[in-house]
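Step one of this worksheet: look at the structure below.
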Amino acid sequence: MIFQAPRGTYDRMPDQQRLWQRINKVLEEISDVYGYDRIDTPVIEDAKLFSRGVGDVTDIMERETYTFPDRGGDLLTLRPEGTAPVCRAYIEHGMHNLAQPVRLYYVCPVFRYERPQSGRYRQHHQYGVEVLGSSEPEVDVEVIQLAWNILKRLDVSDIKLKINTMGDSDSRVLYISKLQDYLNSKIDQIPDSIKPRIASNPLRVLDSKDPKMFEINNNAPRCIDHINAASSEHWATLLKNLDALSIPYEVDHKLVRGFDYYTRTVFEIVPSVEKSQNTLIGGGRYDGLVEMLGGKSTPGIGFAMGLERVAIALDNTLSELESNTSIKLLIAHIGDAAKERAVLLSSRIRTAGVSAVLAPTRGIKSQLRYATSISATHAIIIGDEELRNHEIVLRTFATHSQETIPEANLINFLSSVS
Ligand code: HAM
């Protein structure tokens with residue numbers, strides 16, 4: 001039997017690691033600049049955390065979770081999203097006692113039993129942020145600006161921000177009943193596969209991709225017309241601030257998002273040319289979630305970004321960027337004495353922060369071929385003559401050039417080119 005990675009999962013191979021390192025570095029840097037602290041939560045959680053937090057009749061909970069009893073009989077779920085776990089940790093560690101709001105970020109694998117296709121995996125990775133303890137619209141603006149800037153910083157261009165408001169939980173209940181009345185009045189035109197959702201999760205009817213629903217959904221009552229004065233003011237302040245920051249947005253009255261916990265602001269960032277599986281970032285406000293999970297009433301807002309989708313969007317440009325900026329040396333050697341010297345030299349070069357790989361003991365041509373296979377930018381060659389003269393030969397692959405320099409000058413030379 002030949003084993004393969006489970007369907008919808010993949011191996012991240014060595015030649016992709018630089019791209020991922022670069023993505024992770026940008027994520028850490030920008031989180032720091034915005035004042036967010038990292039949090040890591042377990043991959044497994046009590047299954048009830050998600051059924052209560054995310055909502056039982058969402059697509060995720062009905063069809064997509066990996067849930068299993070462990071050997072002790074506890075029902076566990078592999079994390080299908082990061083917001084409920086972060087709220088659980090906020091409550092468990094008494095973070096409401098810290099100065100509010102608390103700004104957190106995470107980078108982690110997420111598991112959903114979905115039908116795999118391009119950009120859709122059963123194990124994907126998310127970068128997410130959550131701000132807990134503030135209901136100010138200025139925080140919504142900060143979170144959206146962070147989402148927008150992070151994609152810009154990663155060189156993902158041609159993006160568009162879609163935004164909507166769901167109102168607070170009271171207006172949401174009112175709106176849902178208006179929407180149900182409307183959908184029931186159109187019941188004859190609604191496909192059978194969608195009908196059950198009118199009762200169980202009417203908001204999801206709004207973002208159905210079925211062409212028969214296009215007209216019906218376009219004419220549906222809009223949430224914004226049913227929100228209370230406080231939510232209306234929140235929404236107006238949010239839009240005013242986005243305008244002031246020149247962040248372009250498109251109000252999409254059909255944007256509802258797939259979790260029950262959202263209140264007020266919801267948003268997504270998608271490529272300008274939309275396809276079905278390419279939402280890069282999704283997020284929103286969830287003012288009732290912490291309380292729903294047993295904590296004190298605490299407002300919250302956040303987003304998560306699918307890292308595989310970002311990697312797909314910037315794969316090629318980034319590899320060009322990488323090969324221009326970093327240097328990697330192969331230390332080639334001819335003879336036993338030179339090999340001893342090469343071992344010491346590799347160590348000195350690494351201590352200076354430059355990547356160095358000792359060549360395998362083979363003929364010099366084969367050593368240099370090895371340099372190509374590991375994508376070395378330069379090779380240092382040491383033979384008897386170089387040993388005698390305390391020199392090294394430095395070959396630069398990009399220019400096919402070679403020069404002999406005193407060994408003592410090597411570190412200075414490397415810092416001048418790296
Ligand atoms: P979400 O929209 O379900 O939101 O996921 C966030 C992002 O994860 C999506 O925009 C997409 O880029 C990526 N993603 C989702 N499913 C997959 C998949 N099967 N394969 C690859 N990428 C995927 C949440 O998870 C919320 N917790 C976001 C949030 C944080 N809301 C408030 N705070």
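Ordering of the structure tokens sets the chain letters (A, B, ...); residue numbers start at 1 within each chain; ligands are numbered from 1 in the order shown.
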
Contacts of ligand 1, 6 Å or closer, only C-alpha atoms and all ligand atoms, given as a PyMOL selection string: chain A and resi 81-83+112+119-122+124+126+128+130+279-284+301-306+309

Go ahead and save the picked residues with C-alpha atoms, as a PDB file, in the first residue's frame.
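Below you can see selection-v2.pdb, which holds the result:
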ATOM      1  CA  GLU A  81     -12.078  28.396  13.147  1.00  0.00           C
ATOM      2  CA  GLY A  82     -10.138  30.531  15.610  1.00  0.00           C
ATOM      3  CA  THR A  83     -12.592  33.008  17.137  1.00  0.00           C
ATOM      4  CA  ARG A 112     -13.000  21.680   7.792  1.00  0.00           C
ATOM      5  CA  GLY A 119      -7.878  27.199  -2.699  1.00  0.00           C
ATOM      6  CA  ARG A 120     -10.123  24.984  -0.572  1.00  0.00           C
ATOM      7  CA  TYR A 121      -8.522  22.458   1.760  1.00  0.00           C
ATOM      8  CA  ARG A 122      -9.546  20.205   4.618  1.00  0.00           C
ATOM      9  CA  HIS A 124      -5.807  25.143   5.855  1.00  0.00           C
ATOM     10  CA  GLN A 126      -5.319  31.091   9.100  1.00  0.00           C
ATOM     11  CA  GLY A 128      -6.481  35.898  12.546  1.00  0.00           C
ATOM     12  CA  GLU A 130      -9.439  39.377  17.661  1.00  0.00           C
ATOM     13  CA  THR A 279     -12.229  35.121  -0.413  1.00  0.00           C
ATOM     14  CA  LEU A 280      -8.929  36.069   1.175  1.00  0.00           C
ATOM     15  CA  ILE A 281     -10.182  37.564   4.421  1.00  0.00           C
ATOM     16  CA  GLY A 282     -13.462  37.329   6.313  1.00  0.00           C
ATOM     17  CA  GLY A 283     -14.408  38.912   9.590  1.00  0.00           C
ATOM     18  CA  GLY A 284     -16.779  40.929  11.663  1.00  0.00           C
ATOM     19  CA  ILE A 301     -14.326  42.035  16.514  1.00  0.00           C
ATOM     20  CA  GLY A 302     -11.789  40.262  14.316  1.00  0.00           C
ATOM     21  CA  PHE A 303     -11.005  38.639  11.019  1.00  0.00           C
ATOM     22  CA  ALA A 304      -9.154  35.654   9.627  1.00  0.00           C
ATOM     23  CA  MET A 305      -7.121  35.348   6.450  1.00  0.00           C
ATOM     24  CA  GLY A 306      -6.625  32.081   4.557  1.00  0.00           C
ATOM     25  CA  ARG A 309      -5.125  31.601  -0.701  1.00  0.00           C
TER      26      ARG A 309
END

DSSP-assigned helix (DSSP H, G or I) among segment 260-394 of chain A, expressed as a ChimeraX atom specification: /A:289-292,307-325,336-351,364-373,384-389

Dump C-alpha atoms for the selected residues as a short mmCIF file (atom, residue, chain, number, x, y, z; two decimals), in the first residue's frame?
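Listing of again-v3.cif after writing:
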data_model
loop_
_atom_site.label_atom_id
_atom_site.label_comp_id
_atom_site.auth_asym_id
_atom_site.auth_seq_id
_atom_site.Cartn_x
_atom_site.Cartn_y
_atom_site.Cartn_z
CA LEU A 289 -20.08 35.62 21.70
CA VAL A 290 -18.09 35.86 24.94
CA GLU A 291 -21.30 35.96 26.96
CA MET A 292 -22.75 33.09 24.92
CA LEU A 307 -2.86 31.74 4.13
CA GLU A 308 -3.00 29.18 1.31
CA ARG A 309 -5.13 31.60 -0.70
CA VAL A 310 -2.59 34.36 -0.06
CA ALA A 311 0.28 32.03 -1.02
CA ILE A 312 -1.51 31.14 -4.27
CA ALA A 313 -2.02 34.85 -5.00
CA LEU A 314 1.65 35.77 -4.62
CA ASP A 315 3.65 32.66 -5.34
CA ASN A 316 5.68 33.79 -8.35
CA THR A 317 6.50 37.38 -7.49
CA LEU A 318 7.79 36.33 -4.12
CA SER A 319 10.17 33.66 -5.36
CA GLU A 320 11.76 36.26 -7.66
CA LEU A 321 12.11 38.61 -4.75
CA GLU A 322 13.72 35.95 -2.60
CA SER A 323 16.34 34.88 -5.09
CA ASN A 324 17.52 38.47 -5.49
CA THR A 325 17.95 39.29 -1.87
CA ASP A 336 41.50 16.44 3.44
CA ALA A 337 43.31 19.52 4.76
CA ALA A 338 40.98 21.79 2.77
CA LYS A 339 37.97 19.93 4.12
CA GLU A 340 39.09 20.62 7.68
CA ARG A 341 39.47 24.29 6.81
CA ALA A 342 36.05 24.26 5.09
CA VAL A 343 34.37 22.96 8.25
CA LEU A 344 35.84 25.85 10.28
CA LEU A 345 35.01 28.39 7.61
CA SER A 346 31.37 27.22 7.30
CA SER A 347 31.01 27.70 11.03
CA ARG A 348 32.50 31.23 10.91
CA ILE A 349 30.25 32.23 8.02
CA ARG A 350 27.11 30.96 9.76
CA THR A 351 28.09 32.79 12.94
CA ILE A 364 34.91 19.39 -7.47
CA LYS A 365 32.59 19.34 -10.52
CA SER A 366 30.06 17.25 -8.62
CA GLN A 367 30.36 19.60 -5.63
CA LEU A 368 29.53 22.56 -7.86
CA ARG A 369 26.58 20.72 -9.40
CA TYR A 370 25.35 20.21 -5.85
CA ALA A 371 25.55 24.00 -5.41
CA THR A 372 23.02 24.40 -8.21
CA SER A 373 20.68 21.80 -6.75
CA ASP A 384 45.99 23.23 -1.46
CA GLU A 385 47.13 26.47 -3.04
CA GLU A 386 44.41 28.55 -1.31
CA LEU A 387 45.29 26.90 2.00
CA ARG A 388 48.94 27.79 1.60
CA ASN A 389 48.16 31.43 0.73
#

Residue nearest Ile227 of chain A among A:Met166, A:Val102, A:Val251, A:Ile187 (counting only C-alpha atoms):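 Smallest distance to Ile227 of chain A is found for A:Met166.
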
I'd like the neighbourhood of Leu329 of chain A as number ranges by chain, where a residue qualifies if any of its atoms comes within 6 Å (using only C-alpha atoms), though same-chain residues fewer than 4 positions away should be ignored. A: 356, 376, 378-379

Could the residues in this selection be saved with all heavy atoms as an mmCIF file, in the first residue's frame?
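Final output, saved to again_7.cif:
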data_model
loop_
_atom_site.group_PDB
_atom_site.id
_atom_site.type_symbol
_atom_site.label_atom_id
_atom_site.label_comp_id
_atom_site.auth_asym_id
_atom_site.auth_seq_id
_atom_site.Cartn_x
_atom_site.Cartn_y
_atom_site.Cartn_z
ATOM 1 N N ALA A 356 25.418 28.960 4.964
ATOM 2 C CA ALA A 356 26.545 28.225 4.370
ATOM 3 C C ALA A 356 26.315 26.725 4.491
ATOM 4 O O ALA A 356 25.881 26.240 5.528
ATOM 5 C CB ALA A 356 27.839 28.606 5.085
ATOM 6 N N ALA A 376 22.387 27.506 -4.345
ATOM 7 C CA ALA A 376 23.408 28.391 -3.765
ATOM 8 C C ALA A 376 23.644 29.565 -4.711
ATOM 9 O O ALA A 376 23.583 29.412 -5.934
ATOM 10 C CB ALA A 376 24.693 27.611 -3.553
ATOM 11 N N HIS A 378 26.495 31.523 -4.293
ATOM 12 C CA HIS A 378 27.957 31.601 -4.413
ATOM 13 C C HIS A 378 28.573 30.269 -3.976
ATOM 14 O O HIS A 378 27.947 29.520 -3.224
ATOM 15 C CB HIS A 378 28.540 32.674 -3.485
ATOM 16 C CG HIS A 378 28.066 34.068 -3.768
ATOM 17 N ND1 HIS A 378 26.814 34.512 -3.459
ATOM 18 C CD2 HIS A 378 28.713 35.124 -4.337
ATOM 19 C CE1 HIS A 378 26.690 35.782 -3.822
ATOM 20 N NE2 HIS A 378 27.823 36.182 -4.361
ATOM 21 N N ALA A 379 29.794 30.028 -4.448
ATOM 22 C CA ALA A 379 30.550 28.899 -3.892
ATOM 23 C C ALA A 379 31.916 29.410 -3.466
ATOM 24 O O ALA A 379 32.501 30.276 -4.119
ATOM 25 C CB ALA A 379 30.694 27.801 -4.929
#

Got a sec: who's within 10 Å of Val26 of chain A, counting only C-alpha atoms, leaving out chain neighbours fewer than 3 positions off, as a PyMOL selection string? chain A and resi 20-23+29-32+150-151+153-154
